[in-house]
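Structure file work-v8.cif with mmCIF, C-alpha atoms:
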```cif
data_work
#
loop_
_atom_site.label_atom_id
_atom_site.label_comp_id
_atom_site.auth_asym_id
_atom_site.auth_seq_id
_atom_site.Cartn_x
_atom_site.Cartn_y
_atom_site.Cartn_z
CA PHE A 1375 -69.24 -59.73 -18.35
CA PRO A 1376 -69.43 -56.05 -17.38
CA LEU A 1377 -69.72 -54.98 -13.74
CA SER A 1378 -71.31 -52.05 -11.96
CA CYS A 1379 -69.12 -51.36 -8.93
CA VAL A 1380 -69.70 -49.92 -5.47
CA VAL A 1381 -68.51 -46.38 -4.62
CA GLN A 1382 -67.51 -45.58 -1.02
CA ASN A 1383 -68.08 -41.93 -0.06
CA TYR A 1384 -65.56 -41.63 2.78
CA SER A 1385 -64.94 -38.08 3.98
CA TRP A 1386 -61.24 -38.08 2.95
CA GLY A 1387 -62.09 -38.56 -0.73
CA LYS A 1388 -61.86 -35.97 -3.48
CA VAL A 1389 -65.13 -34.14 -4.07
CA GLY A 1390 -67.33 -34.26 -7.19
CA LEU A 1391 -65.57 -34.42 -10.54
CA GLU A 1392 -62.18 -33.62 -9.00
CA SER A 1393 -62.22 -37.30 -8.06
CA GLU A 1394 -60.85 -39.87 -10.49
CA VAL A 1395 -63.38 -42.33 -8.97
CA ALA A 1396 -66.27 -39.99 -9.89
CA LYS A 1397 -64.90 -39.40 -13.40
CA LEU A 1398 -64.54 -43.13 -14.07
CA VAL A 1399 -68.02 -43.90 -12.73
CA ALA A 1400 -69.60 -41.06 -14.73
CA SER A 1401 -67.98 -42.07 -18.02
CA GLY A 1402 -68.57 -45.79 -17.38
CA ASP A 1403 -72.30 -45.25 -16.81
CA PRO A 1404 -73.83 -42.06 -18.29
CA LEU A 1405 -76.97 -42.52 -16.15
CA VAL A 1406 -75.03 -41.89 -12.94
CA GLN A 1407 -75.44 -38.38 -11.53
CA ILE A 1408 -72.28 -37.08 -9.81
CA GLN A 1409 -73.06 -34.83 -6.82
CA PRO A 1410 -70.67 -31.82 -6.94
CA ASP A 1411 -70.31 -31.55 -3.14
CA GLN A 1412 -70.05 -35.28 -2.34
CA PRO A 1413 -66.71 -37.08 -1.74
CA TYR A 1414 -66.01 -40.01 -4.08
CA ALA A 1415 -63.24 -41.85 -2.25
CA GLU A 1416 -63.08 -45.47 -3.42
CA LEU A 1417 -64.40 -47.66 -6.21
CA TRP A 1418 -64.51 -51.32 -5.12
CA MET A 1419 -64.13 -53.86 -7.94
CA GLY A 1420 -64.58 -57.34 -6.56
CA ALA A 1421 -66.76 -59.63 -4.48
CA HIS A 1422 -66.09 -58.29 -0.97
CA PRO A 1423 -69.29 -58.63 1.12
CA ARG A 1424 -69.21 -54.89 1.95
CA GLY A 1425 -69.03 -53.93 -1.72
CA ASP A 1426 -70.04 -56.82 -3.99
CA ALA A 1427 -70.12 -55.69 -7.65
CA LEU A 1428 -73.41 -55.96 -9.58
CA ILE A 1429 -73.47 -57.87 -12.88
CA ARG A 1430 -74.56 -55.62 -15.78
CA ASP A 1431 -75.97 -58.39 -17.97
CA ASN A 1432 -79.62 -59.23 -17.31
CA ARG A 1433 -79.32 -62.63 -19.03
CA ILE A 1434 -77.14 -63.82 -16.15
CA PRO A 1435 -79.38 -65.12 -13.32
CA GLN A 1436 -76.96 -64.15 -10.52
CA LYS A 1437 -77.16 -60.49 -9.53
CA THR A 1438 -73.71 -60.01 -7.97
CA LEU A 1439 -70.17 -61.13 -8.70
CA GLY A 1440 -70.00 -62.90 -5.32
CA GLN A 1441 -73.09 -64.97 -6.16
CA TRP A 1442 -71.75 -65.80 -9.63
CA ILE A 1443 -68.39 -67.01 -8.21
CA ALA A 1444 -70.16 -69.07 -5.51
CA ASP A 1445 -72.27 -70.78 -8.20
CA ASN A 1446 -69.40 -71.11 -10.73
CA PRO A 1447 -66.21 -71.59 -8.68
CA ALA A 1448 -64.36 -73.04 -11.70
CA CYS A 1449 -64.31 -69.47 -13.10
CA LEU A 1450 -61.51 -68.70 -10.61
CA GLY A 1451 -59.11 -71.17 -12.23
CA ALA A 1452 -58.23 -74.53 -10.69
CA LYS A 1453 -55.22 -73.41 -8.63
CA VAL A 1454 -56.84 -70.20 -7.35
CA LYS A 1455 -60.06 -72.04 -6.42
CA ASP A 1456 -58.16 -74.67 -4.41
CA THR A 1457 -55.68 -72.30 -2.77
CA PHE A 1458 -58.27 -69.70 -1.71
CA GLN A 1459 -61.23 -71.99 -0.89
CA GLY A 1460 -63.41 -70.87 -3.79
CA GLN A 1461 -63.03 -67.14 -3.05
CA LEU A 1462 -61.70 -64.35 -5.26
CA PRO A 1463 -58.42 -63.69 -3.39
CA PHE A 1464 -58.14 -59.96 -4.08
CA LEU A 1465 -60.09 -56.71 -3.96
CA PHE A 1466 -59.31 -54.19 -6.73
CA LYS A 1467 -59.96 -50.49 -6.09
CA VAL A 1468 -59.55 -46.96 -7.39
CA LEU A 1469 -58.78 -44.39 -4.66
CA SER A 1470 -59.10 -40.60 -4.91
CA VAL A 1471 -57.38 -39.14 -1.83
CA ASN A 1472 -57.98 -35.50 -0.89
CA THR A 1473 -57.01 -35.47 2.81
CA ALA A 1474 -54.62 -37.87 4.53
CA LEU A 1475 -55.70 -41.41 5.42
CA SER A 1476 -54.78 -42.74 8.83
CA VAL A 1477 -51.28 -43.78 9.85
CA GLN A 1478 -51.72 -47.54 9.74
CA ALA A 1479 -50.28 -50.97 9.09
CA HIS A 1480 -51.80 -54.32 8.19
CA PRO A 1481 -51.21 -57.49 10.22
CA ASN A 1482 -49.67 -60.69 8.89
CA LYS A 1483 -51.87 -63.81 8.84
CA GLU A 1484 -50.84 -65.00 12.30
CA LEU A 1485 -51.55 -61.64 13.97
CA ALA A 1486 -54.75 -61.15 11.95
CA ALA A 1487 -56.14 -64.45 13.24
CA LYS A 1488 -55.28 -63.48 16.82
CA LEU A 1489 -56.77 -59.95 16.57
CA HIS A 1490 -59.91 -61.27 14.87
CA ALA A 1491 -60.44 -63.81 17.65
CA GLN A 1492 -59.96 -61.19 20.40
CA PHE A 1493 -61.60 -58.08 18.86
CA PRO A 1494 -63.87 -59.13 15.99
CA GLU A 1495 -65.66 -55.75 16.06
CA HIS A 1496 -62.38 -53.98 15.09
CA TYR A 1497 -60.70 -56.74 13.04
CA PRO A 1498 -63.48 -58.26 10.93
CA ASP A 1499 -61.62 -61.22 9.38
CA ALA A 1500 -58.63 -63.49 9.95
CA ASN A 1501 -56.77 -62.67 6.73
CA HIS A 1502 -53.62 -60.66 6.08
CA LYS A 1503 -53.89 -57.54 3.91
CA PRO A 1504 -50.83 -56.84 1.78
CA GLU A 1505 -51.64 -54.13 -0.75
CA MET A 1506 -50.23 -52.29 -3.73
CA ALA A 1507 -51.00 -48.80 -5.05
CA ILE A 1508 -50.19 -47.69 -8.61
CA ALA A 1509 -50.42 -43.95 -9.26
CA LEU A 1510 -52.93 -42.65 -11.84
CA THR A 1511 -52.06 -39.01 -11.07
CA PRO A 1512 -49.06 -37.69 -9.08
CA PHE A 1513 -49.50 -39.47 -5.74
CA GLU A 1514 -48.08 -38.82 -2.27
CA GLY A 1515 -47.87 -41.17 0.66
CA MET A 1516 -45.79 -41.98 3.71
CA CYS A 1517 -44.28 -45.44 3.82
CA GLY A 1518 -41.75 -47.23 6.02
CA PHE A 1519 -39.21 -45.73 8.43
CA ARG A 1520 -36.80 -43.11 7.13
CA PRO A 1521 -33.03 -43.66 7.22
CA VAL A 1522 -31.86 -43.07 10.81
CA GLU A 1523 -29.76 -40.02 9.92
CA GLU A 1524 -32.91 -38.24 8.65
CA ILE A 1525 -34.79 -39.02 11.88
CA VAL A 1526 -31.81 -37.89 13.98
CA SER A 1527 -31.64 -34.63 12.00
CA PHE A 1528 -35.31 -33.96 12.86
CA LEU A 1529 -34.65 -34.81 16.52
CA GLN A 1530 -31.98 -32.10 16.48
CA ASN A 1531 -34.03 -29.52 14.52
CA VAL A 1532 -37.45 -30.04 16.12
CA PRO A 1533 -37.17 -29.51 19.90
CA GLU A 1534 -40.89 -30.26 20.34
CA LEU A 1535 -40.34 -33.75 18.87
CA ARG A 1536 -37.33 -34.34 21.11
CA ALA A 1537 -39.37 -33.28 24.17
CA LEU A 1538 -42.02 -35.93 23.37
CA ILE A 1539 -39.50 -38.72 22.86
CA GLY A 1540 -37.30 -37.77 25.80
CA GLN A 1541 -33.57 -37.19 26.01
CA VAL A 1542 -32.62 -40.79 26.86
CA ALA A 1543 -34.42 -42.41 23.90
CA ALA A 1544 -33.26 -39.67 21.51
CA GLU A 1545 -29.62 -40.13 22.52
CA GLN A 1546 -29.94 -43.90 22.19
CA LEU A 1547 -31.04 -43.47 18.56
CA GLU A 1548 -28.30 -40.89 17.89
CA ARG A 1549 -25.65 -43.32 19.20
CA SER A 1550 -26.97 -46.39 17.36
CA GLY A 1551 -24.46 -47.06 14.58
CA SER A 1552 -25.29 -48.24 11.07
CA ASP A 1553 -23.10 -51.33 11.68
CA ASP A 1554 -25.64 -52.67 14.20
CA PRO A 1555 -29.03 -53.00 12.45
CA ARG A 1556 -30.65 -54.74 15.43
CA GLY A 1557 -29.54 -51.94 17.75
CA VAL A 1558 -30.91 -49.36 15.30
CA SER A 1559 -34.28 -51.14 15.09
CA ALA A 1560 -34.48 -51.44 18.89
CA ALA A 1561 -33.70 -47.73 19.38
CA LEU A 1562 -36.18 -46.77 16.65
CA ARG A 1563 -38.91 -48.89 18.28
CA VAL A 1564 -38.33 -47.16 21.64
CA CYS A 1565 -38.47 -43.67 20.07
CA PHE A 1566 -41.57 -44.32 17.98
CA THR A 1567 -43.41 -46.06 20.82
CA ARG A 1568 -42.59 -43.18 23.22
CA LEU A 1569 -43.98 -40.74 20.68
CA MET A 1570 -47.18 -42.68 20.00
CA LYS A 1571 -47.86 -43.33 23.71
CA SER A 1572 -47.17 -39.78 24.91
CA GLU A 1573 -49.74 -38.18 27.20
CA LYS A 1574 -52.49 -36.42 25.22
CA LYS A 1575 -52.23 -33.01 26.90
CA PHE A 1576 -48.43 -33.02 26.63
CA PHE A 1577 -48.30 -33.85 22.91
CA VAL A 1578 -51.09 -31.37 22.05
CA ASP A 1579 -49.12 -28.61 23.83
CA GLN A 1580 -45.93 -29.56 21.97
CA LEU A 1581 -47.79 -29.78 18.66
CA ASN A 1582 -49.36 -26.34 19.16
CA MET A 1583 -45.93 -24.87 19.98
CA LEU A 1584 -44.44 -26.48 16.88
CA VAL A 1585 -47.27 -25.31 14.59
CA LYS A 1586 -47.02 -21.77 15.99
CA ARG A 1587 -43.24 -21.68 15.53
CA ILE A 1588 -43.35 -23.00 11.96
CA SER A 1589 -46.23 -20.71 10.99
CA GLN A 1590 -44.19 -17.72 12.22
CA GLU A 1591 -41.05 -18.87 10.40
CA ALA A 1592 -43.03 -19.42 7.19
CA ALA A 1593 -44.64 -15.96 7.51
CA GLU A 1594 -41.14 -14.46 7.82
CA GLY A 1595 -40.09 -16.27 4.64
CA LYS A 1596 -37.70 -18.64 6.41
CA ASP A 1597 -36.92 -22.15 5.13
CA THR A 1598 -38.90 -24.61 7.28
CA SER A 1599 -37.75 -27.78 5.49
CA GLY A 1600 -35.52 -28.74 8.46
CA SER A 1601 -38.76 -29.21 10.40
CA ASN A 1602 -40.70 -30.63 7.41
CA GLY A 1603 -42.84 -27.51 7.83
CA ASP A 1604 -45.08 -27.60 4.75
CA LEU A 1605 -46.29 -31.14 5.39
CA LEU A 1606 -46.72 -30.50 9.12
CA LEU A 1607 -48.97 -27.47 8.55
CA ARG A 1608 -50.97 -29.33 5.91
CA LEU A 1609 -51.64 -32.38 8.13
CA HIS A 1610 -52.35 -30.19 11.16
CA SER A 1611 -54.96 -28.25 9.16
CA GLN A 1612 -56.64 -31.58 8.30
CA TYR A 1613 -56.28 -33.25 11.73
CA PRO A 1614 -55.62 -30.55 14.35
CA GLY A 1615 -54.23 -31.84 17.62
CA ASP A 1616 -53.56 -35.33 16.22
CA ILE A 1617 -50.47 -37.32 17.26
CA GLY A 1618 -50.20 -38.52 13.65
CA CYS A 1619 -48.79 -35.09 12.69
CA PHE A 1620 -45.51 -36.10 14.37
CA THR A 1621 -45.14 -39.31 12.31
CA ILE A 1622 -43.81 -37.22 9.39
CA TYR A 1623 -40.47 -37.15 11.24
CA PHE A 1624 -40.24 -40.95 11.27
CA LEU A 1625 -41.83 -42.10 8.00
CA ASN A 1626 -40.57 -41.64 4.43
CA LEU A 1627 -42.47 -39.25 2.20
CA VAL A 1628 -42.84 -41.05 -1.15
CA ARG A 1629 -43.97 -39.30 -4.33
CA LEU A 1630 -45.14 -41.48 -7.23
CA GLU A 1631 -45.54 -40.44 -10.85
CA PRO A 1632 -48.33 -42.12 -12.87
CA GLY A 1633 -47.44 -45.79 -13.42
CA GLU A 1634 -45.13 -45.97 -10.36
CA ALA A 1635 -46.18 -48.29 -7.52
CA LEU A 1636 -45.87 -48.80 -3.76
CA PHE A 1637 -46.06 -52.29 -2.28
CA LEU A 1638 -47.08 -52.50 1.38
CA GLY A 1639 -46.34 -55.83 3.01
CA ALA A 1640 -47.39 -56.83 6.52
CA ASN A 1641 -46.33 -54.54 9.40
CA GLU A 1642 -45.23 -51.69 7.09
CA PRO A 1643 -46.33 -48.31 8.52
CA HIS A 1644 -47.94 -46.09 5.89
CA ALA A 1645 -50.45 -43.33 5.18
CA TYR A 1646 -51.75 -42.15 1.81
CA LEU A 1647 -51.71 -38.34 1.65
CA HIS A 1648 -52.98 -37.13 -1.72
CA GLY A 1649 -53.67 -38.21 -5.30
CA ASP A 1650 -55.43 -40.91 -7.33
CA CYS A 1651 -54.34 -44.54 -7.66
CA VAL A 1652 -55.49 -48.02 -8.49
CA GLU A 1653 -55.03 -50.28 -5.50
CA ILE A 1654 -55.14 -54.03 -5.06
CA MET A 1655 -55.14 -55.93 -1.81
CA ALA A 1656 -55.82 -59.30 -0.30
CA CYS A 1657 -59.54 -59.63 0.41
CA SER A 1658 -59.46 -58.32 3.98
CA ASP A 1659 -60.52 -55.30 5.98
CA ASN A 1660 -57.92 -55.53 8.76
CA THR A 1661 -56.23 -52.23 9.55
CA VAL A 1662 -54.33 -51.27 12.72
CA ARG A 1663 -54.49 -47.48 13.06
CA ALA A 1664 -52.56 -45.02 15.21
CA GLY A 1665 -53.23 -41.47 14.07
CA LEU A 1666 -54.72 -39.01 11.52
CA THR A 1667 -58.12 -40.63 11.98
CA PRO A 1668 -61.33 -40.39 14.01
CA LYS A 1669 -61.61 -44.23 13.86
CA PHE A 1670 -60.60 -46.84 16.43
CA ILE A 1671 -56.92 -46.47 17.35
CA ASP A 1672 -54.79 -49.36 18.59
CA VAL A 1673 -51.40 -47.84 19.41
CA LEU A 1674 -50.11 -50.78 21.46
CA THR A 1675 -50.73 -53.34 18.72
CA LEU A 1676 -49.28 -51.02 16.08
CA CYS A 1677 -46.06 -50.25 17.97
CA GLU A 1678 -45.59 -53.95 18.74
CA MET A 1679 -46.11 -55.20 15.18
CA LEU A 1680 -44.22 -52.68 13.04
CA ASN A 1681 -41.19 -53.46 10.93
CA TYR A 1682 -38.54 -51.07 12.33
CA THR A 1683 -36.06 -51.40 9.48
CA PRO A 1684 -35.09 -47.97 8.14
CA ALA A 1685 -34.70 -47.58 4.36
CA PRO A 1686 -34.57 -44.66 1.90
CA SER A 1687 -37.82 -43.56 0.25
CA SER A 1688 -36.52 -44.56 -3.20
CA SER A 1689 -36.42 -48.21 -2.08
CA LYS A 1690 -40.18 -48.13 -1.49
CA ILE A 1691 -41.06 -47.67 -5.19
CA PHE A 1692 -42.01 -51.06 -6.63
CA PRO A 1693 -40.83 -51.63 -10.22
CA ALA A 1694 -43.00 -52.90 -13.07
CA ALA A 1695 -41.46 -55.49 -15.42
CA GLN A 1696 -42.26 -55.47 -19.12
CA SER A 1697 -43.78 -58.80 -20.11
CA GLN A 1698 -41.58 -61.17 -22.15
CA LEU A 1699 -44.67 -62.39 -24.02
CA ASP A 1700 -46.33 -59.06 -24.81
CA PRO A 1701 -44.44 -55.73 -24.95
CA HIS A 1702 -47.67 -53.82 -24.19
CA VAL A 1703 -48.01 -55.45 -20.75
CA TYR A 1704 -46.19 -54.24 -17.63
CA LEU A 1705 -46.35 -56.59 -14.67
CA TYR A 1706 -46.43 -55.60 -10.99
CA ASP A 1707 -45.83 -58.95 -9.31
CA PRO A 1708 -45.37 -58.57 -5.53
CA PRO A 1709 -43.92 -61.21 -3.17
CA VAL A 1710 -47.38 -62.44 -2.05
CA PRO A 1711 -49.57 -65.06 -3.77
CA ASP A 1712 -52.87 -63.16 -3.49
CA PHE A 1713 -52.61 -60.76 -6.43
CA THR A 1714 -50.75 -59.35 -9.43
CA ILE A 1715 -51.58 -56.28 -11.53
CA MET A 1716 -50.93 -55.75 -15.23
CA ARG A 1717 -50.79 -52.32 -16.83
CA ILE A 1718 -51.71 -52.69 -20.50
CA GLU A 1719 -50.77 -49.82 -22.83
CA ILE A 1720 -52.10 -50.31 -26.37
CA PRO A 1721 -50.84 -47.72 -28.87
CA ALA A 1722 -53.20 -46.05 -31.34
CA SER A 1723 -51.54 -47.86 -34.26
CA ILE A 1724 -52.99 -51.20 -33.06
CA LYS A 1725 -56.62 -51.76 -34.03
CA LEU A 1726 -57.06 -55.35 -32.83
CA TYR A 1727 -55.66 -56.54 -29.49
CA LEU A 1728 -56.10 -59.82 -27.64
CA ILE A 1729 -56.49 -59.81 -23.85
CA SER A 1730 -54.95 -63.24 -23.38
CA ALA A 1731 -56.42 -66.09 -21.37
CA MET A 1732 -54.81 -67.05 -18.05
CA ASP A 1733 -55.38 -69.61 -15.34
CA SER A 1734 -56.98 -67.06 -13.01
CA ALA A 1735 -60.12 -64.98 -12.91
CA SER A 1736 -59.31 -61.33 -13.55
CA ILE A 1737 -60.92 -57.90 -13.39
CA LEU A 1738 -60.22 -55.41 -16.16
CA LEU A 1739 -60.54 -51.63 -15.71
CA VAL A 1740 -60.46 -49.18 -18.63
CA ILE A 1741 -58.69 -45.91 -17.75
CA GLN A 1742 -58.50 -44.50 -21.27
CA GLY A 1743 -59.75 -45.33 -24.76
CA THR A 1744 -62.70 -47.10 -26.37
CA ALA A 1745 -63.12 -50.52 -27.96
CA VAL A 1746 -65.63 -53.23 -28.70
CA GLY A 1747 -64.84 -56.51 -26.95
CA THR A 1748 -65.82 -59.97 -28.18
CA SER A 1749 -65.23 -63.34 -26.56
CA THR A 1750 -66.51 -66.88 -26.90
CA ALA A 1751 -67.91 -66.68 -23.36
CA ALA A 1752 -69.93 -63.49 -23.83
CA ALA A 1753 -73.16 -63.89 -25.78
CA SER A 1754 -72.90 -60.42 -27.33
CA GLU A 1755 -70.37 -57.69 -28.02
CA MET A 1756 -69.34 -55.46 -25.11
CA SER A 1757 -68.63 -51.79 -25.67
CA LEU A 1758 -65.74 -50.61 -23.52
CA GLN A 1759 -64.92 -47.01 -22.63
CA ARG A 1760 -63.22 -45.12 -19.81
CA GLY A 1761 -64.63 -46.45 -16.53
CA SER A 1762 -65.77 -49.83 -17.89
CA VAL A 1763 -65.08 -52.77 -15.56
CA LEU A 1764 -65.12 -56.38 -16.82
CA PHE A 1765 -64.92 -59.71 -15.03
CA ILE A 1766 -63.00 -62.28 -17.08
CA SER A 1767 -63.23 -65.95 -16.07
CA ALA A 1768 -60.10 -68.10 -16.00
CA ASN A 1769 -59.02 -69.44 -19.41
CA GLU A 1770 -61.14 -66.89 -21.31
CA SER A 1771 -59.69 -64.36 -23.73
CA ILE A 1772 -61.20 -61.14 -25.12
CA SER A 1773 -60.57 -59.57 -28.54
CA LEU A 1774 -60.60 -55.78 -28.46
CA HIS A 1775 -61.47 -53.84 -31.62
CA LEU A 1776 -60.04 -50.42 -30.80
CA SER A 1777 -61.79 -47.28 -31.96
CA SER A 1778 -59.96 -44.50 -30.06
CA PRO A 1779 -57.41 -42.19 -31.68
CA ASP A 1780 -55.04 -42.26 -28.66
CA GLY A 1781 -54.89 -46.00 -27.90
CA MET A 1782 -55.95 -47.55 -24.61
CA LEU A 1783 -54.74 -47.79 -21.02
CA LEU A 1784 -56.07 -50.74 -19.01
CA PHE A 1785 -55.31 -52.31 -15.63
CA ARG A 1786 -55.94 -56.01 -15.11
CA ALA A 1787 -56.00 -57.55 -11.62
CA CYS A 1788 -55.44 -61.29 -11.31
CA CYS A 1789 -53.77 -64.00 -9.22
CA LEU A 1790 -50.72 -65.70 -10.74
CA LEU A 1791 -49.97 -68.80 -8.67
#
```
Just give me the structure of the file as C-alpha cells.
Amino acid sequence: FPLSCVVQNYSWGKVGLESEVAKLVASGDPLVQIQPDQPYAELWMGAHPRGDALIRDNRIPQKTLGQWIADNPACLGAKVKDTFQGQLPFLFKVLSVNTALSVQAHPNKELAAKLHAQFPEHYPDANHKPEMAIALTPFEGMCGFRPVEEIVSFLQNVPELRALIGQVAAEQLERSGSDDPRGVSAALRVCFTRLMKSEKKFFVDQLNMLVKRISQEAAEGKDTSGSNGDLLLRLHSQYPGDIGCFTIYFLNLVRLEPGEALFLGANEPHAYLHGDCVEIMACSDNTVRAGLTPKFIDVLTLCEMLNYTPAPSSSKIFPAAQSQLDPHVYLYDPPVPDFTIMRIEIPASIKLYLISAMDSASILLVIQGTAVGTSTAAASEMSLQRGSVLFISANESISLHLSSPDGMLLFRACCLL
C-alpha cells in the first residue's frame, strides 16, 4: 500500500525546490504546497516513532505503518519478525544537505546500551546505528581517517593545526611508521583527542588566524590546497568558530557520483557536507557528536570510541553488485543484518516488470518514471510516479505496467537475513 511520509525541516537542509526531498514530496502528492524559503532536509520512510509514515489507503483501518506492523507482524517475514522482535529493523530516508551536518559517529550495540542507560535524554535507545548513503546527485562527505602521510602533510603546512595538537603529539605521529599499525592508531588517537579537547579560546584564536591567512592567500591568487583552504573557508562560513573546522585535516573528503554509496559502520567518524542521497540505517537515533553543530556535544565519548585506522578515501566507497537473478537490480548489501538496499533500473524498452517477492517487508521509493502497479494483496491498482512510496509485505510481489518514455529508477529497502 502507498505511504505518505514525514518530512523533517532541519536547518541544514536544502531550501524549497532546490531540495530533492521537496521535489519528491511535491511530485508524489500534488496537494502538497512547497514553501520556497523553508528547508526540506529529510524524508523519513518507515515506522520510527518520531516519523511514522501514514497509510494512504482509507480502506485500511490502521492509520500508520507502525500500527499496521504491530497488528500484522507476519508482514515482516518470519525471520525478520523473530530476529527484530516484531519491529521493522530499518529506517529509510532521503536527505537533501545544504550545509554540513555535525562531525559524528554512531555507537556499536554494547556502547549504545551503556550510553542509553546513563544519558537517556541524549541517547534515546539502546540500538546501534550503522547506515548507508547512496548518492542521488553529486554528494560530498567526510568519512574515516585519512592516510597518515596526508595528515602529516597538513601538520607541516598548517602551523595553526600543529599549535593545537602540540609538538610532542605531532612528532609522535610523524615518527609512527606504516609497519606498526597499532602505533599509528595510538598516535592518531592522541593527536585527534588533543585537537578535540583543546581550550575554546585557544582554538578560536588559531582558527581565526588560519581563516585570515587562507583568505589573504586566496585573494592573492595563491594555491591554498596544501591547507585544504576551500573546504576550510566554506565550513567556517557555515559554523564560525567551531572546532569541527579542523577535522578536515584528519578525515577523508569523499565525493560520490549518483549511484555510488558510503557505508558507515560503528565508530566511523563522518560528516555529510553537501548533496542529495537516499540513506538507510538501523532503526535508532543514537549519534555521538563533536563539532559543526549547535546540538549536544560529547567529545570524550567520541574520542574514546572512534576507529583510528587510517585508509584512503577511495576505500570508503561501497560497491553495488549486479544481481545474479535480475540484471536490472543492483544490490548494496553491507556487513550488518539490519538492512540492504536495491537500486532497480528498468529501461524504457521494458513495459511490464515484476518487483519480486522476498522473505522481508520492504519499502519502495520511485525516483524516476511512472507505472501502474498491481498485486494480489492490493485491492485496487496503484499509480506510481516520482516520489511515490510503497510498503510491500513479505512474500508479496508487484507487477509494474510502465508508461514512461525513459524507464524507471527505484530504490527498495529491505532486510535480507
Q: Please work out which residues fall within 12 Å of (-71.4, -67.1, -8.6), coordinates as given in the file, with all atoms listed in the file counting, and return them as a list in words.
A: Ala1421, Asp1426, Ala1427, Leu1428, Ile1429, Ile1434, Pro1435, Gln1436, Lys1437, Thr1438, Leu1439, Gly1440, Gln1441, Trp1442, Ile1443, Ala1444, Asp1445, Asn1446, Pro1447, Ala1448, Cys1449, Leu1450, Gly1460, Gln1461, Leu1462, Phe1765 and Ser1767 of chain A
Q) atom CA of A:Asp1499 to atom CA of A:Cys1657: how many Å, to one decimal? A)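 It comes out at 9.3 Å.
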If we count all atoms listed in the file and set the cut-off at 7 Å, which residues sit around stretch 1572-1582 of chain A, ignoring sequence neighbours fewer than 2 positions away in its own chain? Please answer as a CSV table (one decimal) with C-alpha atoms, in the coordinates of the input.
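And here's selection_37.csv as it stands now:
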```
chain,number,residue,atom,x,y,z
A,1534,GLU,CA,-40.9,-30.3,20.3
A,1538,LEU,CA,-42.0,-35.9,23.4
A,1568,ARG,CA,-42.6,-43.2,23.2
A,1569,LEU,CA,-44.0,-40.7,20.7
A,1570,MET,CA,-47.2,-42.7,20.0
A,1584,LEU,CA,-44.4,-26.5,16.9
A,1585,VAL,CA,-47.3,-25.3,14.6
A,1586,LYS,CA,-47.0,-21.8,16.0
A,1615,GLY,CA,-54.2,-31.8,17.6
A,1617,ILE,CA,-50.5,-37.3,17.3
```
(Q) Just the number, please: distance in Å from atom CA of A:Glu1514 to atom CA of A:Ile1588, one decimal. (A) 21.8 Å
(Q) So that I can check the surroundings of stretch 1633-1645 of chain A, please list as a PyMOL selection string every protein, DNA and RNA residue that reaches within 8 Å of it, counting only C-alpha atoms and ignoring chain neighbours fewer than 4 positions away. (A) chain A and resi 1474-1482+1502-1510+1515-1519+1625+1679-1681+1690-1694+1708
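Close contacts of A:Gln1759, defined as residues with an atom at most 7 Å away when counting all atoms listed in the file, with chain neighbours fewer than 2 positions off set aside, comprise Gly1402, Val1740, Gly1743, Thr1744, Ala1745, Ser1757, Gly1761 and Ser1762 of chain A.
Between A:Phe1713 and the residues A:Leu1405, A:Ala1787, A:Leu1739, A:Ile1671, the shortest atom-to-atom distance, using all atoms listed in the file, involves A:Ala1787.
The space between atom CA of A:Thr1473 and atom CA of A:Arg1663 spans 16.0 Å.
Among the candidates A:Ser1697, A:Pro1498, A:Gln1612, A:Gln1742, the residue lying nearest to A:Pro1668 is A:Gln1612 (atoms considered: only C-alpha atoms).
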**Q.** Result set, the PyMOL selection byres ((chain A and resi 1606) around 9) on current file, as a PyMOL selection string
**A.** chain A and resi 1585+1588+1601-1605+1607-1611+1619-1620+1622
Q: Could you state which residues are captured by the PyMOL selection byres ((chain A and resi 1790) around 12) in this file, as number ranges by chain?
A: A: 1450-1454, 1457, 1463-1464, 1705-1716, 1732-1736, 1768, 1786-1789, 1791
Can you complete the atoms of stretch 1456-1465 of chain A to N, CA and C atoms and list them as a PDB file, in the frame of the given file?
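See rebuild08.pdb below for the written result:
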```pdb
ATOM      1  N   ASP A1456     -58.613 -73.772  -5.475  1.00  0.00           N
ATOM      2  CA  ASP A1456     -58.160 -74.670  -4.410  1.00  0.00           C
ATOM      3  C   ASP A1456     -57.390 -73.926  -3.327  1.00  0.00           C
ATOM      4  N   THR A1457     -56.528 -73.007  -3.747  1.00  0.00           N
ATOM      5  CA  THR A1457     -55.680 -72.300  -2.770  1.00  0.00           C
ATOM      6  C   THR A1457     -56.502 -71.374  -1.885  1.00  0.00           C
ATOM      7  N   PHE A1458     -57.512 -70.725  -2.465  1.00  0.00           N
ATOM      8  CA  PHE A1458     -58.270 -69.700  -1.710  1.00  0.00           C
ATOM      9  C   PHE A1458     -59.708 -70.125  -1.419  1.00  0.00           C
ATOM     10  N   GLN A1459     -59.928 -71.445  -1.324  1.00  0.00           N
ATOM     11  CA  GLN A1459     -61.230 -71.990  -0.890  1.00  0.00           C
ATOM     12  C   GLN A1459     -62.421 -71.399  -1.654  1.00  0.00           C
ATOM     13  N   GLY A1460     -62.279 -71.307  -2.974  1.00  0.00           N
ATOM     14  CA  GLY A1460     -63.410 -70.870  -3.790  1.00  0.00           C
ATOM     15  C   GLY A1460     -63.742 -69.392  -3.677  1.00  0.00           C
ATOM     16  N   GLN A1461     -62.799 -68.592  -3.167  1.00  0.00           N
ATOM     17  CA  GLN A1461     -63.030 -67.140  -3.050  1.00  0.00           C
ATOM     18  C   GLN A1461     -62.112 -66.391  -4.014  1.00  0.00           C
ATOM     19  N   LEU A1462     -62.585 -65.254  -4.518  1.00  0.00           N
ATOM     20  CA  LEU A1462     -61.700 -64.350  -5.260  1.00  0.00           C
ATOM     21  C   LEU A1462     -60.692 -63.792  -4.266  1.00  0.00           C
ATOM     22  N   PRO A1463     -59.372 -63.997  -4.474  1.00  0.00           N
ATOM     23  CA  PRO A1463     -58.420 -63.690  -3.390  1.00  0.00           C
ATOM     24  C   PRO A1463     -58.049 -62.211  -3.254  1.00  0.00           C
ATOM     25  N   PHE A1464     -58.563 -61.364  -4.155  1.00  0.00           N
ATOM     26  CA  PHE A1464     -58.140 -59.960  -4.080  1.00  0.00           C
ATOM     27  C   PHE A1464     -59.349 -59.031  -4.193  1.00  0.00           C
ATOM     28  N   LEU A1465     -59.133 -57.792  -3.757  1.00  0.00           N
ATOM     29  CA  LEU A1465     -60.090 -56.710  -3.960  1.00  0.00           C
ATOM     30  C   LEU A1465     -59.349 -55.622  -4.724  1.00  0.00           C
TER      31      LEU A1465
END
```
